[in-house]
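Asker: Let me begin by handing over the structure; questions about it come next.
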Amino acid sequence: GNSVTQMEGPVTLSEEAFLTINCTYTATGYPSLFWYVQYPGEGLQLLLKATKADDKGSNKGFEATYRKETTSFHLEKGSVQVSDSAVYFCALTEGSGYSTLTFGKGTMLLVSP
Amino acid sequence: GAVVSQHPSWVICKSGTSVKIECRSLDFQATTMFWYRQFPKQSLMLMATSNEGSKATYEQGVEKDKFLINHASLTLSTLTVTSAHPEDSSFYICSAQPPAGGMDEQFFGPGTRLTVL
């Protein structure tokens, strides 16, 4: 079956530090990959996505590259802000279109001034 | 972008009562809606997949008689927690997906915090 593995948190950084949150996946087909962000007390918001190998998703300074050879989709940001403090979920669907999401356990990011 | 709303945003009820949570897609039609449950500091667990006009498909271990799902229209799905107990206290999140061939992602509601006393 499908699965997503994320690095455990919390990840604690100072403002303007470089961020990496690791994500690896197992899938039987050709998944689409997603990063979602959840701010305290809120639902999930799509942060970025990639639908095929070597695609790079990017949004709000965050980026992640779909690496089929390493089955990875690591999230990076060059300079984090306090407002980036949230829980980040890596997820996949089996192919594009009509499919359920499989989520990782989430990684909490705490950014201090 | 596509917007999904949930109502209520939070609810407190007594043990043994039933609670209904609504999920609406505000600016698109959703043939499929999903219901998730999230425990503190944990990931989302898919409870069921709801298709408009048909019975919901429940994930293994989810009691369909306890968590009643109705998807009566292309913009509304409801989750009713029947005879709620304290262990049902959780954060319930819905998502909606446009018909296949449209946007290939789910759009999430803001969640409903249920507390059962």
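Residue numbers start at 1 in each chain; chains themselves are named A, B, ... in the order of the structure tokens; ligands are numbered from 1 in the order shown.
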Quick one: everything within 12 Å of Leu109 (chain A), counting only C-alpha atoms, minus sequence neighbours fewer than 6 positions away in the same chain. Send it as a PyMOL selection string.
Answerer: chain A and resi 7-15+17-21+37-40+75+77+80-89
Asker: What's around Gln29 (chain B) at 7 Å? Count only C-alpha atoms, leave out sequence neighbours fewer than 6 positions away in its own chain, and write the answer as a PyMOL selection string.
Answerer: chain B and resi 74-75+98
Asker: Could the residues of chain A within 10 Å of chain B, counting only C-alpha atoms, be given as number ranges by chain, please?
Answerer: A: 32, 34, 38, 41-46, 49, 51, 87-89, 93, 95-108
Asker: I'd like the interatomic distance between CA of Leu48 (chain A) and CA of Lys68 (chain A), to a tenth of an Å.
Answerer: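 Interatomic distance here is 17.1 Å.
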Asker: CA of Thr82 (chain B) and CA of Asp65 (chain B), how far apart in Å?
Answerer: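 Computed distance, CA of Asp65 (chain B) to CA of Thr82 (chain B), equals 7.8 Å.
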Asker: Could you give me, as a PyMOL selection string, each residue of region 7-110 of chain A that DSSP assigns to strand (DSSP E) when run on this structure's backbone?
Answerer: chain A and resi 11-14+19-21+23-26+32-38+44-50+56-59+62-65+75-77+86-93+102-103+107-110
Asker: For Tyr30 (chain A), which residue out of A:Ser79, A:Glu63, A:Glu94, A:Phe73 is the nearest one, using only C-alpha atoms?
Answerer: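 Counting only C-alpha atoms, the residue closest to Tyr30 (chain A) is A:Glu94.
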Asker: Interatomic distance between CA of Glu52 (chain B) and CA of Val19 (chain B)?
Answerer: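 Computing the Euclidean distance for CA of Glu52 (chain B) and CA of Val19 (chain B) yields 21.0 Å.
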Asker: Would you please work out which residue, of A:Cys90, A:Gly61, A:Lys52, A:Ser3, is nearest to Glu76 (chain A) when using only C-alpha atoms?
Answerer: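 Checking each of A:Cys90, A:Gly61, A:Lys52, A:Ser3 against Glu76 (chain A), counting only C-alpha atoms, the winner is A:Gly61.
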Asker: Using only C-alpha atoms, determine which residues lie at most 8 Å from Asn2 (chain A), disregarding the query and same-chain residues fewer than 3 positions distant; provide the list as a ChimeraX atom specification.
Answerer: /A:25-28,102
Asker: Take the residues just selected and output them with all heavy atoms as a PDB file, in the first residue's frame.
Answerer:
```
ATOM      1  N   TYR A  25       8.327   8.544   0.398  1.00  0.00           N
ATOM      2  CA  TYR A  25       7.038   7.890   0.166  1.00  0.00           C
ATOM      3  C   TYR A  25       7.225   6.491  -0.407  1.00  0.00           C
ATOM      4  O   TYR A  25       8.274   6.149  -0.948  1.00  0.00           O
ATOM      5  CB  TYR A  25       6.173   8.737  -0.775  1.00  0.00           C
ATOM      6  CG  TYR A  25       6.717   8.817  -2.186  1.00  0.00           C
ATOM      7  CD1 TYR A  25       6.373   7.872  -3.150  1.00  0.00           C
ATOM      8  CD2 TYR A  25       7.593   9.847  -2.548  1.00  0.00           C
ATOM      9  CE1 TYR A  25       6.885   7.944  -4.435  1.00  0.00           C
ATOM     10  CE2 TYR A  25       8.113   9.916  -3.824  1.00  0.00           C
ATOM     11  CZ  TYR A  25       7.767   8.975  -4.771  1.00  0.00           C
ATOM     12  OH  TYR A  25       8.278   9.049  -6.038  1.00  0.00           O
ATOM     13  N   THR A  26       6.177   5.719  -0.279  1.00  0.00           N
ATOM     14  CA  THR A  26       6.069   4.412  -0.919  1.00  0.00           C
ATOM     15  C   THR A  26       4.748   4.387  -1.656  1.00  0.00           C
ATOM     16  O   THR A  26       3.703   4.702  -1.069  1.00  0.00           O
ATOM     17  CB  THR A  26       6.102   3.274   0.118  1.00  0.00           C
ATOM     18  OG1 THR A  26       7.312   3.345   0.862  1.00  0.00           O
ATOM     19  CG2 THR A  26       6.021   1.915  -0.567  1.00  0.00           C
ATOM     20  N   ALA A  27       4.799   4.064  -2.924  1.00  0.00           N
ATOM     21  CA  ALA A  27       3.575   4.010  -3.725  1.00  0.00           C
ATOM     22  C   ALA A  27       3.733   2.960  -4.808  1.00  0.00           C
ATOM     23  O   ALA A  27       4.836   2.723  -5.307  1.00  0.00           O
ATOM     24  CB  ALA A  27       3.280   5.380  -4.343  1.00  0.00           C
ATOM     25  N   THR A  28       2.624   2.377  -5.189  1.00  0.00           N
ATOM     26  CA  THR A  28       2.675   1.316  -6.195  1.00  0.00           C
ATOM     27  C   THR A  28       2.651   1.851  -7.607  1.00  0.00           C
ATOM     28  O   THR A  28       3.102   1.199  -8.525  1.00  0.00           O
ATOM     29  CB  THR A  28       1.504   0.348  -6.003  1.00  0.00           C
ATOM     30  OG1 THR A  28       0.284   1.104  -6.002  1.00  0.00           O
ATOM     31  CG2 THR A  28       1.619  -0.389  -4.681  1.00  0.00           C
ATOM     32  N   THR A 102      -3.088  10.103   1.098  1.00  0.00           N
ATOM     33  CA  THR A 102      -2.384   9.429   2.183  1.00  0.00           C
ATOM     34  C   THR A 102      -1.442  10.443   2.803  1.00  0.00           C
ATOM     35  O   THR A 102      -0.594  11.016   2.107  1.00  0.00           O
ATOM     36  CB  THR A 102      -1.589   8.222   1.661  1.00  0.00           C
ATOM     37  OG1 THR A 102      -2.485   7.283   1.069  1.00  0.00           O
ATOM     38  CG2 THR A 102      -0.842   7.546   2.804  1.00  0.00           C
TER      39      THR A 102
END
```
Asker: Let me make sure I understand: among B:Ser90, B:Gly53, B:Glu59, B:Ser77, which one has the smallest atom-to-atom distance to Lys20 (chain B) if we use only C-alpha atoms?
Answerer: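 Counting only C-alpha atoms, the residue closest to Lys20 (chain B) is B:Ser77.
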